[in-house]
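*Asks:* Below you'll find the structure I mean.
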Amino acid sequence: MITGAELIVGGLILTAILVYPLRRYLLISALIGAIAGGALILISTRWPLDRVVPVWGRVVLLGRPLVGLGFTWRITNASRSLLTVLGSIATVAFIGAGLNPPGRAFVPIGLVILALWVTAMIVSPLAGAFVALVAVSCLSVFLIQTGQRHTTRAAFRQLWWPLIAFALVTIAAWHIQEASFHPNDLSHLRTAAWLTGTALLLLLAPLPFHVPATSLLTDASPVVGAFLLTGTQVVTLYLTWTAFAKWPWLSQYIEAGRALSIAGLATLLWGAVEAATANRIQRLWAYAALYDWGVFLLGFSLGAPLEWRMATALFIARTLSLFLEAYGITILQARGTGDDWHGTEGILHRLPWVTLAIVVGGLGLAGFPLTASFGPRWALTQTLLSTRPVWGLLVVAGQLGVALGYLRLIQSATAPLPTEHRLVPRESTLEAALLVVGVAISGIIALAPQTLNGVVRAVISIVVQSPGRMP
Amino acid sequence: MNAAPPLLSPEHILASLNGVNGLPGIIGLLLLTALMLVITDWRFTVLGIGLQSVLLAILATRHSPVEWALLRAVTGGLVAIMWFLSAKSIRWGRRPAQWLRWRWPLLSARTALRATLIVFVAVLLLTHHARLPLRGLDPDLAFLCTWLAITGLLALALSNEILTAGIGLLWWLEAFHLYYSALEHQVVMEGVIGGLKLLIGLACAYLIVAEGQISDTSEEEPL
C-alpha cells in the first residue's frame with residue numbers, strides 16, 4: 001500500500017527527475033510542472049484521507065503514516081488545505097515560467113522545492129520540518145542564481161534564517177524532552193519557548209529580519225521570487241500554528257500576539273517608506289510586498305477568532321497581487337527595457353496590459369479599492385480603527401506611502417514614448433490574456449470578497465478543530 | 001617471521017593528539033577563527049576551514065564517539081576542498097603569479113574594524129563566560145561554542161563576499177554541532193547535521209564560482 005507521503009513527495013521528486021532532461025524545452029517542462037502542481041491540488045482537495053484509492057493496480061491510502069529514520073510523514077486534515085495552497089502557488093509559478101524562463105533548471109528544482117515544502121508540512125517531529133527548510137534554502141540558491149548575472153546577494157541571504165532557526169529549534173526540542181523528565185524545573189520550558197519563538201520570528205522575517213525577503217524580490221527573477229517567498233511563508237505560518245497547537249505552554253512564556261503586532265507595525269512602516277522612495281520597479285514591488293507582509297502580521301496578531309479568517313483572506317489576496325505583478329514585471333523584462341523609471345517611460349503606450357497588471361498588483365499589495373486585497377484590508381482597518389486607532393491610522397499612512405511609489409510609476413509609464421522605446425514589442429495574445437485574467441480575478445475578489453469565503457472557511461474549520469491557538 | 005605492525009586505530013590517533021584536546025586546542029581555534037575573520041584572504045580561509053574541522057573533531061571526542069568525530073573532520077575537509085576548487089576555478093590560470101604570491105593583507109579600515117570587533121567580543125565573553133547558558137557542556141567548550149556562534153554572526157554581518165561570509169554559516173553550524181553532540185547522541189541527527197554542512201558548503205561553493213563570473217563579466221564590460 002502506498003502512503004500519501006510516498007505518493008506526493010515521491011511523485012514530485014520523480015517528476016523533477018523526469019523533467020530534468022527536458023529542461024531545454026522550456027514550454028514543455030513548464031507545462032509538466034504546472035500539471036504536477038495541478039495534481040497536488042487535485043489530490044489534496046479530492047482524495048479521502050481514510051479510504052483507499054486504486055491507482056494503476058496499486059492502492060493509495062492518503063492518511064497512512066510513513067515511518068522511518070526517527071521521523072513520521074503523515075498527511076492530516078490540517079496540512080491538506082495548505083498543500084492545496086502550495087499546489088496553486090507552484091502551478092501559477094510554472095505557468096509564469098513559460099512567459100520568460102528564469103533559467104532552465106527552474107521547473108526541476110522548483111518541483112524538488114515543492115516536495116520539500118510538502119515534507120515540512122507533514123513531517124514530525126518539528127525539527128524535520130526545519131531540516132527541509134534548510135534544504136529548500138540551499139536549493140533556492142541554485143534557482144535564484146541560474147540566469148542571474150548581477151549579484152549573488154539574494155541567493156546567499158536565503159541561507160541565513162533557516163539555518164539559524166534549525167539550530168534553535170533542535171536545541172529547543174531537547175529542552176522540551178528534558179522538561180518531561182524534570183517537570184518541576186520550569187527553566188527548560190522557558191528556554192525552549194524563547195528558542196522556538198526566536199526561530200519562528202526569524203522565519204516570519206519582520207523588520208529587521210526582512211533583508212533576505214526583500215533581496216529575493218529585488219534581485220531574483222520575479223516569478224522565482226514570488227514562488228519562493230509565498231511558498232516559504234505558507235510553510236512558516238503552518239509551522240507557527242503547529243508549534244502553538246502542539247505546545248500550548250509556548251503562549252505562557254512568549255507574548256506572540258504583542259510581538260507580532262509590534263513587528264508588523266514596524267515592518268509595514270519601513271516597507272511604505274522604502275516603497276515611496278524606490279527608483280526601480282522590482283524594488284518598489286519588493287517593498288510594497290514588505291508593507292503588505294507587515295499588515296498581514298498585524299492582522300495575524302489580532303485576538304481569536306478574527307486572526308485566522310483575516311490572515312487567510314489577506315494571504316490569498318497577497319499571493320494573487322504578488323504573482324500578478326510578477327507576471328507583469330517578467331513580461332516587461334523580456335522586452336529588454338530597464339526597470340528604473342527611465343526604462344519604464346511611456347511603456348503604457350506599448351505595453352498597456354503589462355502596465356495595468358503591475359499597477360493593479362502593486363495597488364493590491366497596498367490594499368487599494370478595486371483590487372483583491374481591498375475587502376480584507378478594509379475589514380482589518382475598520383477593526384483597528386475601532387480598537388487601536390493609532391495602528392489603524394499607521395496602516396492607512398503606509399498605504400499612502402506605497403501608493404505614492406506606484407503613482408511615480410504611473411507618471412513614468414504614461415509619459416510620452418521616448419524614441420528608444422518605440423521598437424519595444426507589444427504583448428503577445430497569450431501574455432495579454434493571462435494578465436487580463438489576473439486583473440479580472442483581482443477585480444472580482446474586490447467587488448465580491450465573499451468569493452473567498454469557501455477557501456477561508458476551509459482553513460478556519462481546520463484551525464477551529466485544533467486544540468491549540470495563537471494567543 | 002615478524003608480524004606486520006597493526007594499523008593505527010582512531011583511538012590510537014586520538015591518544016597521540018591528546019595534548020590538543022584541552023586548552024591548547026581551544027586557544028588554537030579561537031586564534032584561528034579570529035585570524036580568518038580579520039585576514040579574509042581566501043587561501044587562509046580555505047586552509048583555516050580544514051584545520052578548524054580537525055581541531056573541532058578532536059574536541060568533539062569528549063562527548064561523541066571517535067568515529068563520529070572522524071566523520072566530522074571528513075565533512076569539514078570536503079567543504080574546504082569544494083571551496084578550494086571553486087576559488088581555484090575562478091583564479092587559477094588567469095593570474096597564476098598573483099595566485100602564488102603571498103601578500104600580507106593591507107591594514108585597511110575594514111580590517112581594523114574587524115579586529116576591534118573581535119577584541120570586543122573576546123573581552124565580552126571573557127568577562128561573562130561564567131554565565132554562559134549552555135547546559136551539559138564543559139566550560140571551555142561552552143566558551144568555544146558561544147565564540148563560534150558570535151563570530152559566525154559577525155562574519156555574516158561584516159562580509160559581502162560569499163567566501164568570507166560563508167564561513168559565518170559554517171561556524172554557526174559547527175557551534176550548534178558541538179553543543180548538540182554534548183546534549184544527545186542520535187545517529188540520524190549526526191547524519192543530518194553533516195549532510196547540512198555539505199549542502200551549505202556546496203551552495204556556497206557554487207556561489208563563489210558565480211560571484212567570480214560576475215566580477216569577471218563586470219571587468220570585461222567597457223566603461
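Each chain in the C-alpha cells gets a letter, A, B, ..., in the order shown, and its residues are numbered from 1; ligands are numbered from 1 in order too.
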Which chain A residues have any atom within 9 Å of an atom of chain B, and for each, what is the nearest pair of atoms with distance in Å to one decimal, counting only C-alpha atoms, rows sorted by chain and number, as CSV?
*Replies:*
```
residue,atom,partner,partner_atom,distance
A:Leu69,CA,B:Val188,CA,6.5
A:Gly70,CA,B:Val188,CA,7.5
A:Val131,CA,B:Val192,CA,7.8
A:Val134,CA,B:Leu196,CA,7.6
A:Ala135,CA,B:Leu196,CA,7.4
A:Cys138,CA,B:Ala203,CA,5.8
A:Leu139,CA,B:Ala203,CA,7.6
A:Val141,CA,B:Ala203,CA,6.5
A:Phe142,CA,B:Ala203,CA,7.4
A:Gln145,CA,B:Ala210,CA,7.7
A:Gln148,CA,B:Ala210,CA,8.9
A:Arg149,CA,B:Ile214,CA,6.0
A:His150,CA,B:Ile214,CA,6.2
A:Thr151,CA,B:Ile214,CA,7.0
A:Thr152,CA,B:Glu211,CA,6.2
A:Arg153,CA,B:Asn160,CA,7.9
A:Ala155,CA,B:Leu207,CA,8.0
A:Phe156,CA,B:Ile162,CA,7.2
A:Leu159,CA,B:Ile200,CA,7.9
A:Trp160,CA,B:Leu169,CA,7.3
A:Leu163,CA,B:Leu173,CA,7.7
A:Ile164,CA,B:Trp172,CA,7.4
A:Ala167,CA,B:Phe176,CA,6.1
A:Leu168,CA,B:Phe176,CA,8.5
A:Thr170,CA,B:Tyr180,CA,8.3
A:Ile171,CA,B:Tyr180,CA,7.0
A:Trp174,CA,B:Leu183,CA,7.6
```
*Asks:* DSSP on the backbone: which residues in stretch 115-357 of chain A end up as strand (DSSP E or B)? Give the answer as a list of chain:residue names.
*Replies:*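 Answer for stretch 115-357 of chain A, restricted to strand (DSSP E or B): A:Val123, A:Ser124, A:Arg280, A:Asp340.
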*Asks:* With distances taken over only C-alpha atoms, which residue among B:Ala115, B:Leu71, B:Leu55, B:Met36 lies nearest B:Gly19?
*Replies:*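 Ranked by minimum distance to B:Gly19, first place goes to B:Leu55.
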*Asks:* Using only C-alpha atoms, find the one residue out of A:Leu298, A:Leu86, A:Ala192, A:Leu423 that sits nearest to A:Leu394.
*Replies:* A:Leu298
*Asks:* Could you jot down the atom CA of B:Gly194 to atom CA of B:Thr146 separation for me, Å, one decimal place?
*Replies:*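 Going from atom CA of B:Gly194 over to atom CA of B:Thr146, I get 20.0 Å.
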*Asks:* I want to know what sits within 8 Å of stretch 369-377 of chain A, based on only C-alpha atoms, with residues of the same chain fewer than 4 positions away left out; could you give that as a list in words?
*Replies:*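 Contacts, in chain order: Met310, Ala313, Leu314, Ala317, Arg318, Leu320, Ser321, Val360, Gly361, Leu363, Gly364, Leu365, Thr381, Ile441, Ser442, Gly443, Ile444, Ile445, Ala446, Leu447 and Pro449 of chain A.
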*Asks:* Return the single residue from A:Ile122, A:Leu228, A:Val439, A:Met1 that is closest to A:Ile109, with distances computed using only C-alpha atoms.
*Replies:*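 Using only C-alpha atoms, the shortest distance to A:Ile109 belongs to A:Leu228.
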*Asks:* Extract the full set of alpha helix (DSSP H) residues from stretch 145-308 of chain A according to DSSP on the backbone, and format it as a ChimeraX atom specification.
*Replies:* /A:145,153-157,160-181,187-204,211-219,222-246,250-253,256-276,281-301,306-308
*Asks:* Please provide as number ranges by chain all residues within 12 Å of A:Pro21, with the sequence filter that same-chain residues fewer than 4 positions apart are discarded (counting only C-alpha atoms).
*Replies:* A: 15-17, 25-26, 28-29, 104-105, 107-108
